[in-house]
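Have a look at my_file_21.txt; it's compact mmCIF, N, CA and C atoms:
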# COMPACT_ATOMS: atom_id res chain seq x y z
N MET A 58 4.45 -26.31 -4.39
CA MET A 58 3.96 -26.44 -3.04
C MET A 58 3.23 -25.16 -2.65
N SER A 59 2.05 -25.30 -2.17
CA SER A 59 1.22 -24.16 -1.80
C SER A 59 1.24 -23.95 -0.29
N GLN A 60 1.43 -22.70 0.12
CA GLN A 60 1.40 -22.37 1.54
C GLN A 60 0.25 -21.41 1.78
N THR A 61 -0.32 -21.52 2.94
CA THR A 61 -1.37 -20.58 3.29
C THR A 61 -0.74 -19.37 3.96
N LEU A 62 -1.39 -18.26 3.83
CA LEU A 62 -0.92 -17.01 4.44
C LEU A 62 -1.76 -16.76 5.67
N GLU A 63 -1.14 -16.88 6.82
CA GLU A 63 -1.84 -16.69 8.07
C GLU A 63 -1.87 -15.20 8.42
N ILE A 64 -3.05 -14.63 8.49
CA ILE A 64 -3.21 -13.21 8.80
C ILE A 64 -4.16 -13.07 9.97
N LYS A 65 -3.72 -12.31 10.97
CA LYS A 65 -4.55 -12.05 12.14
C LYS A 65 -5.11 -10.64 11.99
N THR A 66 -6.42 -10.51 12.05
CA THR A 66 -7.03 -9.19 11.92
C THR A 66 -7.84 -8.86 13.17
N THR A 67 -7.83 -7.59 13.50
CA THR A 67 -8.62 -7.06 14.59
C THR A 67 -9.23 -5.77 14.10
N SER A 68 -10.49 -5.54 14.41
CA SER A 68 -11.09 -4.28 13.98
C SER A 68 -11.60 -3.52 15.20
N VAL A 69 -11.36 -2.21 15.13
CA VAL A 69 -11.80 -1.30 16.17
C VAL A 69 -12.46 -0.12 15.46
N GLY A 70 -13.77 -0.09 15.47
CA GLY A 70 -14.47 0.97 14.74
C GLY A 70 -14.19 0.85 13.26
N ARG A 71 -13.69 1.93 12.66
CA ARG A 71 -13.36 1.94 11.22
C ARG A 71 -11.90 1.57 10.97
N ARG A 72 -11.19 1.19 12.00
CA ARG A 72 -9.78 0.84 11.89
C ARG A 72 -9.62 -0.67 11.88
N VAL A 73 -8.76 -1.18 10.98
CA VAL A 73 -8.47 -2.60 10.90
C VAL A 73 -6.98 -2.79 11.13
N ILE A 74 -6.63 -3.67 12.02
CA ILE A 74 -5.23 -3.97 12.31
C ILE A 74 -4.92 -5.34 11.74
N VAL A 75 -3.89 -5.42 10.90
CA VAL A 75 -3.51 -6.67 10.24
C VAL A 75 -2.13 -7.06 10.74
N GLU A 76 -2.00 -8.30 11.17
CA GLU A 76 -0.73 -8.79 11.69
C GLU A 76 -0.34 -10.05 10.94
N LEU A 77 0.91 -10.08 10.39
CA LEU A 77 1.39 -11.27 9.72
C LEU A 77 2.89 -11.37 9.84
N ASP A 78 3.41 -12.53 9.60
CA ASP A 78 4.83 -12.84 9.69
C ASP A 78 5.63 -12.00 8.69
N ALA A 79 6.79 -11.50 9.08
CA ALA A 79 7.60 -10.63 8.21
C ALA A 79 8.02 -11.32 6.92
N ASN A 80 8.38 -12.58 7.00
CA ASN A 80 8.78 -13.31 5.78
C ASN A 80 7.62 -13.43 4.81
N ARG A 81 6.45 -13.68 5.34
CA ARG A 81 5.29 -13.80 4.46
C ARG A 81 4.89 -12.43 3.91
N LEU A 82 5.11 -11.37 4.68
CA LEU A 82 4.86 -10.02 4.17
C LEU A 82 5.75 -9.74 2.98
N GLU A 83 7.02 -10.13 3.06
CA GLU A 83 7.95 -9.96 1.94
C GLU A 83 7.45 -10.73 0.71
N ARG A 84 6.99 -11.95 0.91
CA ARG A 84 6.49 -12.76 -0.20
C ARG A 84 5.23 -12.13 -0.80
N LEU A 85 4.33 -11.65 0.05
CA LEU A 85 3.12 -11.00 -0.42
C LEU A 85 3.45 -9.74 -1.22
N ALA A 86 4.38 -8.93 -0.70
CA ALA A 86 4.78 -7.71 -1.41
C ALA A 86 5.37 -8.05 -2.78
N SER A 87 6.15 -9.09 -2.83
CA SER A 87 6.72 -9.51 -4.11
C SER A 87 5.64 -9.96 -5.08
N ASN A 88 4.69 -10.74 -4.59
CA ASN A 88 3.60 -11.23 -5.45
C ASN A 88 2.71 -10.09 -5.94
N LEU A 89 2.58 -9.03 -5.15
CA LEU A 89 1.78 -7.88 -5.55
C LEU A 89 2.55 -6.91 -6.46
N GLY A 90 3.82 -7.18 -6.68
CA GLY A 90 4.62 -6.37 -7.59
C GLY A 90 5.27 -5.16 -6.95
N PHE A 91 5.37 -5.15 -5.62
CA PHE A 91 5.94 -3.99 -4.94
C PHE A 91 7.44 -3.85 -5.15
N TYR A 92 8.09 -4.88 -5.67
CA TYR A 92 9.53 -4.80 -5.94
C TYR A 92 9.81 -4.65 -7.43
N GLY A 93 8.76 -4.51 -8.21
CA GLY A 93 8.91 -4.34 -9.66
C GLY A 93 9.49 -2.97 -9.98
N LEU A 94 10.23 -2.89 -11.06
CA LEU A 94 10.90 -1.65 -11.46
C LEU A 94 9.91 -0.51 -11.68
N ASP A 95 8.76 -0.78 -12.30
CA ASP A 95 7.76 0.27 -12.53
C ASP A 95 7.23 0.82 -11.22
N PHE A 96 6.96 -0.07 -10.27
CA PHE A 96 6.45 0.38 -8.97
C PHE A 96 7.50 1.22 -8.25
N LEU A 97 8.75 0.78 -8.26
CA LEU A 97 9.81 1.53 -7.58
C LEU A 97 10.02 2.90 -8.22
N LYS A 98 9.90 2.99 -9.55
CA LYS A 98 10.00 4.27 -10.22
C LYS A 98 8.85 5.19 -9.84
N SER A 99 7.65 4.62 -9.67
CA SER A 99 6.50 5.45 -9.28
C SER A 99 6.69 5.99 -7.86
N ILE A 100 7.34 5.23 -7.00
CA ILE A 100 7.64 5.71 -5.64
C ILE A 100 8.61 6.89 -5.72
N ASP A 101 9.62 6.78 -6.57
CA ASP A 101 10.57 7.89 -6.75
C ASP A 101 9.86 9.15 -7.25
N ARG A 102 8.95 8.99 -8.23
CA ARG A 102 8.20 10.14 -8.74
C ARG A 102 7.34 10.76 -7.65
N ALA A 103 6.70 9.91 -6.85
CA ALA A 103 5.85 10.40 -5.78
C ALA A 103 6.66 11.18 -4.74
N GLU A 104 7.85 10.72 -4.42
CA GLU A 104 8.71 11.44 -3.48
C GLU A 104 9.11 12.80 -4.03
N ARG A 105 9.44 12.86 -5.33
CA ARG A 105 9.79 14.14 -5.94
C ARG A 105 8.60 15.09 -5.93
N ASP A 106 7.41 14.59 -6.25
CA ASP A 106 6.20 15.42 -6.22
C ASP A 106 5.93 15.94 -4.81
N TYR A 107 6.11 15.09 -3.81
CA TYR A 107 5.87 15.49 -2.42
C TYR A 107 6.84 16.60 -2.01
N LYS A 108 8.12 16.42 -2.33
CA LYS A 108 9.13 17.43 -1.97
C LYS A 108 8.89 18.74 -2.70
N ALA A 109 8.32 18.69 -3.92
CA ALA A 109 8.05 19.89 -4.70
C ALA A 109 6.72 20.54 -4.31
N GLY A 110 5.96 19.90 -3.42
CA GLY A 110 4.69 20.47 -2.98
C GLY A 110 3.53 20.19 -3.90
N ARG A 111 3.67 19.24 -4.81
CA ARG A 111 2.59 18.89 -5.74
C ARG A 111 1.73 17.76 -5.18
N VAL A 112 1.19 18.00 -4.00
CA VAL A 112 0.35 16.99 -3.34
C VAL A 112 -0.89 17.66 -2.79
N ARG A 113 -1.90 16.85 -2.50
CA ARG A 113 -3.08 17.35 -1.82
C ARG A 113 -3.59 16.25 -0.90
N GLU A 114 -4.21 16.66 0.19
CA GLU A 114 -4.74 15.69 1.12
C GLU A 114 -6.12 15.24 0.68
N VAL A 115 -6.40 13.96 0.89
CA VAL A 115 -7.73 13.42 0.61
C VAL A 115 -8.21 12.70 1.87
N GLY A 116 -9.52 12.74 2.08
CA GLY A 116 -10.10 12.10 3.25
C GLY A 116 -10.34 10.62 3.04
N SER A 117 -10.53 10.21 1.76
CA SER A 117 -10.76 8.80 1.46
C SER A 117 -10.36 8.54 0.01
N LEU A 118 -10.17 7.28 -0.31
CA LEU A 118 -9.79 6.94 -1.68
C LEU A 118 -10.90 7.25 -2.68
N SER A 119 -12.15 7.28 -2.23
CA SER A 119 -13.23 7.59 -3.15
C SER A 119 -13.14 9.03 -3.66
N GLU A 120 -12.48 9.91 -2.94
CA GLU A 120 -12.30 11.29 -3.40
C GLU A 120 -11.46 11.35 -4.67
N LEU A 121 -10.59 10.38 -4.88
CA LEU A 121 -9.73 10.36 -6.06
C LEU A 121 -10.53 10.10 -7.32
N ARG A 122 -11.70 9.48 -7.20
CA ARG A 122 -12.54 9.19 -8.37
C ARG A 122 -13.45 10.35 -8.74
N ARG A 123 -13.63 11.29 -7.83
CA ARG A 123 -14.53 12.42 -8.09
C ARG A 123 -13.91 13.37 -9.11
N LYS A 124 -14.75 13.93 -9.94
CA LYS A 124 -14.27 14.90 -10.92
C LYS A 124 -14.05 16.24 -10.23
N LYS A 125 -13.09 16.99 -10.73
CA LYS A 125 -12.73 18.28 -10.14
C LYS A 125 -13.79 19.32 -10.37
Take the structure from the file and write it as structure tokens.
Amino acid sequence: MSQTLEIKTTSVGRRVIVELDANRLERLASNLGFYGLDFLKSIDRAERDYKAGRVREVGSLSELRRKK
């Protein structure tokens, strides 16, 4: 059985606001692999890096592709 995902979006300038039902958010997160063991381990590593100060701020995701 297929269900549609109802998403309400509003945009203000460069900001996009997305609104959806909490149960469907849980299902979407699961389908995207956010509850997978590898993803959860990467979150733990990221928290350790943040606490150790091994982070840097970026203005946009495109900065991550730029060479140093």
Write down as a PyMOL selection string the residues belonging to chain A that are assigned strand (DSSP E) by DSSP computed on the backbone.
chain A and resi 65-69+72-76
Atomic separation - atom N of Thr61 (chain A) relative to CA of Tyr92 (chain A), Å
21.3 Å
List as a VMD selection string the protein and nucleic acid residues near Ile64 (chain A), meaning an atom at most 7 Å away when all atoms listed in the file are counted, but skip any in the same chain fewer than 6 places from it.
chain A and resid 75 to 78
Could you jot down the atom C of Arg71 (chain A) to CA of Ser99 (chain A) separation for me, Å, one decimal place?
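Taking atom C of Arg71 (chain A) and CA of Ser99 (chain A), their separation equals 27.6 Å.
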So how many Å separate CA of Glu104 (chain A) and atom C of Arg81 (chain A), to one decimal?
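Value for the CA of Glu104 (chain A)-atom C of Arg81 (chain A) distance: 25.3 Å.
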Based on the backbone DSSP call, show me all residues of chain A assigned alpha helix (DSSP H), as a list in words.
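Going through chain A, the alpha helix (DSSP H) residues come out as Ala79, Asn80, Arg81, Leu82, Glu83, Arg84, Leu85, Ala86, Ser87, Asn88, Leu94, Asp95, Phe96, Leu97, Lys98, Ser99, Ile100, Asp101, Arg102, Ala103, Glu104, Arg105, Asp106, Tyr107 and Lys108 of chain A.
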Dump region 100-112 of chain A with N, CA and C atoms to a file, as an mmCIF file, in the first residue's frame.
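What landed in decode_39.cif:
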data_model
loop_
_atom_site.group_PDB
_atom_site.id
_atom_site.type_symbol
_atom_site.label_atom_id
_atom_site.label_comp_id
_atom_site.auth_asym_id
_atom_site.auth_seq_id
_atom_site.Cartn_x
_atom_site.Cartn_y
_atom_site.Cartn_z
ATOM 1 N N ILE A 100 27.205 9.955 13.809
ATOM 2 C CA ILE A 100 26.752 11.019 14.717
ATOM 3 C C ILE A 100 27.617 11.023 15.977
ATOM 4 N N ASP A 101 27.904 9.846 16.511
ATOM 5 C CA ASP A 101 28.773 9.749 17.695
ATOM 6 C C ASP A 101 30.163 10.313 17.398
ATOM 7 N N ARG A 102 30.729 9.971 16.225
ATOM 8 C CA ARG A 102 32.043 10.500 15.856
ATOM 9 C C ARG A 102 32.004 12.019 15.727
ATOM 10 N N ALA A 103 30.941 12.534 15.132
ATOM 11 C CA ALA A 103 30.809 13.978 14.953
ATOM 12 C C ALA A 103 30.724 14.687 16.304
ATOM 13 N N GLU A 104 30.010 14.113 17.257
ATOM 14 C CA GLU A 104 29.925 14.709 18.594
ATOM 15 C C GLU A 104 31.287 14.728 19.277
ATOM 16 N N ARG A 105 32.051 13.639 19.134
ATOM 17 C CA ARG A 105 33.393 13.603 19.730
ATOM 18 C C ARG A 105 34.299 14.642 19.080
ATOM 19 N N ASP A 106 34.233 14.770 17.753
ATOM 20 C CA ASP A 106 35.031 15.780 17.051
ATOM 21 C C ASP A 106 34.656 17.189 17.507
ATOM 22 N N TYR A 107 33.373 17.442 17.665
ATOM 23 C CA TYR A 107 32.906 18.763 18.090
ATOM 24 C C TYR A 107 33.422 19.086 19.491
ATOM 25 N N LYS A 108 33.304 18.133 20.409
ATOM 26 C CA LYS A 108 33.772 18.351 21.786
ATOM 27 C C LYS A 108 35.279 18.545 21.842
ATOM 28 N N ALA A 109 36.023 17.911 20.915
ATOM 29 C CA ALA A 109 37.482 18.025 20.889
ATOM 30 C C ALA A 109 37.939 19.273 20.131
ATOM 31 N N GLY A 110 37.004 20.015 19.542
ATOM 32 C CA GLY A 110 37.362 21.235 18.821
ATOM 33 C C GLY A 110 37.826 21.012 17.400
ATOM 34 N N ARG A 111 37.583 19.833 16.847
ATOM 35 C CA ARG A 111 37.991 19.531 15.470
ATOM 36 C C ARG A 111 36.864 19.854 14.489
ATOM 37 N N VAL A 112 36.429 21.102 14.515
ATOM 38 C CA VAL A 112 35.345 21.543 13.636
ATOM 39 C C VAL A 112 35.713 22.877 13.014
#
